[in-house]
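Written below as structure tokens is the structure these notes are about.
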Amino acid sequence: MDGTLLTGTTASLEVARRVGTLPQLRELEDRFAAGTLDTRGFSAELRRLWGDLTAEQVAAAYRGAAWMAGIAEVCADIRARGEHSAVITMSPDFFARHLLELGFDEVVASRFPPLPFTGPLEPADVLTPEDKVRLTDGLLAARGLTRGDCVAYGDSMSDAPLFRHLSHTVAVNADHHLADLAALDYRGTDLWEAYRLARTLLPA
């Protein structure tokens with residue numbers, strides 16, 4: 001989701017802008033980039049930072065974010081073909097699940113306690129890059145599909161395990177590390193264009 005469907009931003013950045021915690025989030029991102037904070041540690045810090053976060057604030061952050069054009073149109077075309085769409089993201093579920101409104105069949109994200117946070121964050125509920133492979137295989141198996149039936153989109157090295165796992169992959173505004181792993185490379189802000197490119201990977 002971050003960087004692939006969201007352009008030039010992330011779910012965490014959008015929430016931080018909305019609630020006035022950008023400096024604290026930037027510090028967490030610096031620690032994450034330096035390797036002193038892993039995915040689960042980062043999520044635990046978000047839970048602490050946003051203890052009073054409300055669903056209304058998240059919805060406003062979602063509505064105000066810079067999304068790729070054409071997302072709803074892509075989801076509608078996939079559904080009209082009798083196919084299925086899914087988002088698998090390490091970002092918080094309280095933000096990502098809003099994507100169901102655009103027509104995605106599945107949204108799987110790191111699970112946080114209900115808003116405002118009253119319970120603890122379970123480390124096992126926070127997704128890792130390797131989980132994207134496991135979850136994709138599970139979705140395919142549930143629908144009787146194979147890896148060859150699946151097209152994956154991604155933008156960062158958190159998608160690298162999945163891109164190594166699948167043959168039909170599209171890098172979206174990614175740096176060369178992921179683009180070199182992808183079957184196709186898209187640059188732009190229109191998901192419909194990336195989707196048209198991706199359909200060339202599948203039988204007509």
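We label chains A, B, ... in the order they appear in the structure tokens, count residues from 1 in each chain, and number ligands from 1 in the order shown.
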
If you count only C-alpha atoms, which residues fall within 8 Å of Leu127 (chain A), apart from same-chain ones fewer than 2 positions away, as a ChimeraX atom specification?
/A:39-40,89-90,109-110,124-125,129,131-132

Enumerate, as a PyMOL selection string, the complete set of residues in region 34-197 of chain A that a backbone-based DSSP assignment places in helix (DSSP H, G or I).
chain A and resi 34+39-49+55-64+71-80+93-102+123-125+129-142+147-149+157-165+176-179+191-197

Residues just named, written with C-alpha atoms as a PDB file, in the first residue's frame:
ATOM      1  CA  ALA A  34      19.213   2.661  10.882  1.00  0.00           C
ATOM      2  CA  THR A  39       8.847  -3.801  11.994  1.00  0.00           C
ATOM      3  CA  ARG A  40       7.287  -5.035  15.216  1.00  0.00           C
ATOM      4  CA  GLY A  41       9.167  -2.523  17.322  1.00  0.00           C
ATOM      5  CA  PHE A  42       8.049   0.265  14.992  1.00  0.00           C
ATOM      6  CA  SER A  43       4.411  -0.800  15.351  1.00  0.00           C
ATOM      7  CA  ALA A  44       4.734  -0.987  19.130  1.00  0.00           C
ATOM      8  CA  GLU A  45       6.025   2.592  19.142  1.00  0.00           C
ATOM      9  CA  LEU A  46       3.058   3.679  16.997  1.00  0.00           C
ATOM     10  CA  ARG A  47       0.709   2.096  19.532  1.00  0.00           C
ATOM     11  CA  ARG A  48       2.411   4.106  22.295  1.00  0.00           C
ATOM     12  CA  LEU A  49       2.559   7.352  20.293  1.00  0.00           C
ATOM     13  CA  ALA A  55     -11.401   6.322  14.032  1.00  0.00           C
ATOM     14  CA  GLU A  56     -12.517   9.782  12.885  1.00  0.00           C
ATOM     15  CA  GLN A  57      -8.916  11.019  12.757  1.00  0.00           C
ATOM     16  CA  VAL A  58      -7.859   7.972  10.759  1.00  0.00           C
ATOM     17  CA  ALA A  59     -10.736   8.384   8.305  1.00  0.00           C
ATOM     18  CA  ALA A  60      -9.767  12.028   7.771  1.00  0.00           C
ATOM     19  CA  ALA A  61      -6.128  11.036   7.193  1.00  0.00           C
ATOM     20  CA  TYR A  62      -7.232   8.420   4.683  1.00  0.00           C
ATOM     21  CA  ARG A  63      -9.449  10.847   2.785  1.00  0.00           C
ATOM     22  CA  GLY A  64      -6.713  13.486   2.662  1.00  0.00           C
ATOM     23  CA  ILE A  71      -7.756   2.396  -8.013  1.00  0.00           C
ATOM     24  CA  ALA A  72     -11.530   1.901  -7.981  1.00  0.00           C
ATOM     25  CA  GLU A  73     -11.566   1.369 -11.741  1.00  0.00           C
ATOM     26  CA  VAL A  74      -8.914  -1.337 -11.509  1.00  0.00           C
ATOM     27  CA  CYS A  75     -10.784  -3.129  -8.722  1.00  0.00           C
ATOM     28  CA  ALA A  76     -14.016  -2.960 -10.713  1.00  0.00           C
ATOM     29  CA  ASP A  77     -12.381  -4.394 -13.837  1.00  0.00           C
ATOM     30  CA  ILE A  78     -10.801  -7.239 -11.875  1.00  0.00           C
ATOM     31  CA  ARG A  79     -14.149  -8.101 -10.301  1.00  0.00           C
ATOM     32  CA  ALA A  80     -15.953  -7.914 -13.657  1.00  0.00           C
ATOM     33  CA  ASP A  93      -5.201  -2.270   9.704  1.00  0.00           C
ATOM     34  CA  PHE A  94      -7.085   0.716  11.121  1.00  0.00           C
ATOM     35  CA  PHE A  95      -5.907   2.693   8.073  1.00  0.00           C
ATOM     36  CA  ALA A  96      -5.603  -0.005   5.416  1.00  0.00           C
ATOM     37  CA  ARG A  97      -9.094  -1.448   5.820  1.00  0.00           C
ATOM     38  CA  HIS A  98     -10.545   1.762   4.341  1.00  0.00           C
ATOM     39  CA  LEU A  99      -9.339   0.410   0.994  1.00  0.00           C
ATOM     40  CA  LEU A 100     -12.257  -2.012   1.040  1.00  0.00           C
ATOM     41  CA  GLU A 101     -14.375   1.028   0.147  1.00  0.00           C
ATOM     42  CA  LEU A 102     -12.614   1.160  -3.234  1.00  0.00           C
ATOM     43  CA  PRO A 123       3.784  -8.769  18.209  1.00  0.00           C
ATOM     44  CA  ALA A 124       2.569 -11.767  16.202  1.00  0.00           C
ATOM     45  CA  ASP A 125      -0.183  -9.577  14.699  1.00  0.00           C
ATOM     46  CA  PRO A 129       7.964  -9.007   4.550  1.00  0.00           C
ATOM     47  CA  GLU A 130       8.037 -12.806   4.743  1.00  0.00           C
ATOM     48  CA  ASP A 131       4.377 -12.837   5.785  1.00  0.00           C
ATOM     49  CA  LYS A 132       3.453 -11.435   2.382  1.00  0.00           C
ATOM     50  CA  VAL A 133       4.556 -14.721   0.811  1.00  0.00           C
ATOM     51  CA  ARG A 134       2.636 -16.838   3.312  1.00  0.00           C
ATOM     52  CA  LEU A 135      -0.519 -14.768   3.024  1.00  0.00           C
ATOM     53  CA  THR A 136      -0.418 -14.689  -0.777  1.00  0.00           C
ATOM     54  CA  ASP A 137      -0.087 -18.458  -0.939  1.00  0.00           C
ATOM     55  CA  GLY A 138      -3.008 -18.774   1.461  1.00  0.00           C
ATOM     56  CA  LEU A 139      -5.243 -16.531  -0.639  1.00  0.00           C
ATOM     57  CA  LEU A 140      -4.322 -18.434  -3.794  1.00  0.00           C
ATOM     58  CA  ALA A 141      -4.971 -21.814  -2.210  1.00  0.00           C
ATOM     59  CA  ALA A 142      -8.362 -20.669  -0.893  1.00  0.00           C
ATOM     60  CA  ARG A 147       1.269 -18.618  -8.362  1.00  0.00           C
ATOM     61  CA  GLY A 148       1.126 -18.294 -12.137  1.00  0.00           C
ATOM     62  CA  ASP A 149      -2.389 -16.862 -11.814  1.00  0.00           C
ATOM     63  CA  MET A 157      12.316  -4.041  -0.491  1.00  0.00           C
ATOM     64  CA  SER A 158       9.607  -5.238   1.871  1.00  0.00           C
ATOM     65  CA  ASP A 159       8.103  -6.700  -1.313  1.00  0.00           C
ATOM     66  CA  ALA A 160      11.323  -8.468  -2.325  1.00  0.00           C
ATOM     67  CA  PRO A 161      10.462 -11.854  -0.753  1.00  0.00           C
ATOM     68  CA  LEU A 162       7.153 -11.899  -2.628  1.00  0.00           C
ATOM     69  CA  PHE A 163       8.748 -10.784  -5.891  1.00  0.00           C
ATOM     70  CA  ARG A 164      11.276 -13.605  -5.605  1.00  0.00           C
ATOM     71  CA  HIS A 165       8.377 -15.990  -4.992  1.00  0.00           C
ATOM     72  CA  HIS A 176      16.425  -0.340  -8.737  1.00  0.00           C
ATOM     73  CA  HIS A 177      16.737  -2.903  -5.955  1.00  0.00           C
ATOM     74  CA  LEU A 178      13.128  -3.991  -6.388  1.00  0.00           C
ATOM     75  CA  ALA A 179      12.791  -3.015 -10.050  1.00  0.00           C
ATOM     76  CA  LEU A 191      -2.833   2.512 -11.289  1.00  0.00           C
ATOM     77  CA  TRP A 192      -4.906   1.835 -14.395  1.00  0.00           C
ATOM     78  CA  GLU A 193      -1.785   2.291 -16.530  1.00  0.00           C
ATOM     79  CA  ALA A 194       0.193  -0.071 -14.293  1.00  0.00           C
ATOM     80  CA  TYR A 195      -2.693  -2.534 -14.432  1.00  0.00           C
ATOM     81  CA  ARG A 196      -2.861  -2.451 -18.237  1.00  0.00           C
ATOM     82  CA  LEU A 197       0.846  -3.187 -18.272  1.00  0.00           C
TER      83      LEU A 197
END

Mind giving me the straight-line distance from CA of Leu6 (chain A) to CA of Asp185 (chain A) in Å, one decimal?
16.9 Å

Straight-line distance linking CA of Arg111 (chain A) with CA of Gly144 (chain A), stated in Å to one decimal
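Computing the Euclidean distance for CA of Arg111 (chain A) and CA of Gly144 (chain A) yields 26.2 Å.
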
DSSP says strand (DSSP E) for which residues of region 158-203 of chain A? Put them as a ChimeraX atom specification?
/A:169-172,184-186

Output C-alpha atoms for every residue in the selection just made, as a PDB file, in the first residue's frame.
ATOM      1  CA  THR A 169       5.448  -8.864 -10.694  1.00  0.00           C
ATOM      2  CA  VAL A 170       5.216  -5.125 -11.309  1.00  0.00           C
ATOM      3  CA  ALA A 171       7.475  -2.614  -9.584  1.00  0.00           C
ATOM      4  CA  VAL A 172       5.618   0.670  -9.032  1.00  0.00           C
ATOM      5  CA  LEU A 184       7.811  -5.101 -15.317  1.00  0.00           C
ATOM      6  CA  ASP A 185       8.602  -1.602 -14.085  1.00  0.00           C
ATOM      7  CA  TYR A 186       5.978   1.185 -13.962  1.00  0.00           C
TER       8      TYR A 186
END

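Take CA of Leu22 (chain A) and CA of Pro120 (chain A): the distance between them is 23.0 Å.
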
Which one of A:Ala69, A:Phe32, A:Asn173, A:Tyr153 sits closest to Ala198 (chain A) if you count only C-alpha atoms?
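When distances to Ala198 (chain A) are compared using only C-alpha atoms, the smallest one comes from A:Tyr153.
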
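Of the residues under consideration (A:Leu166, A:Val107, A:Ala66, A:Val87), A:Ala66 shows the shortest atom-to-atom contact distance to Leu13 (chain A) when counting only C-alpha atoms.
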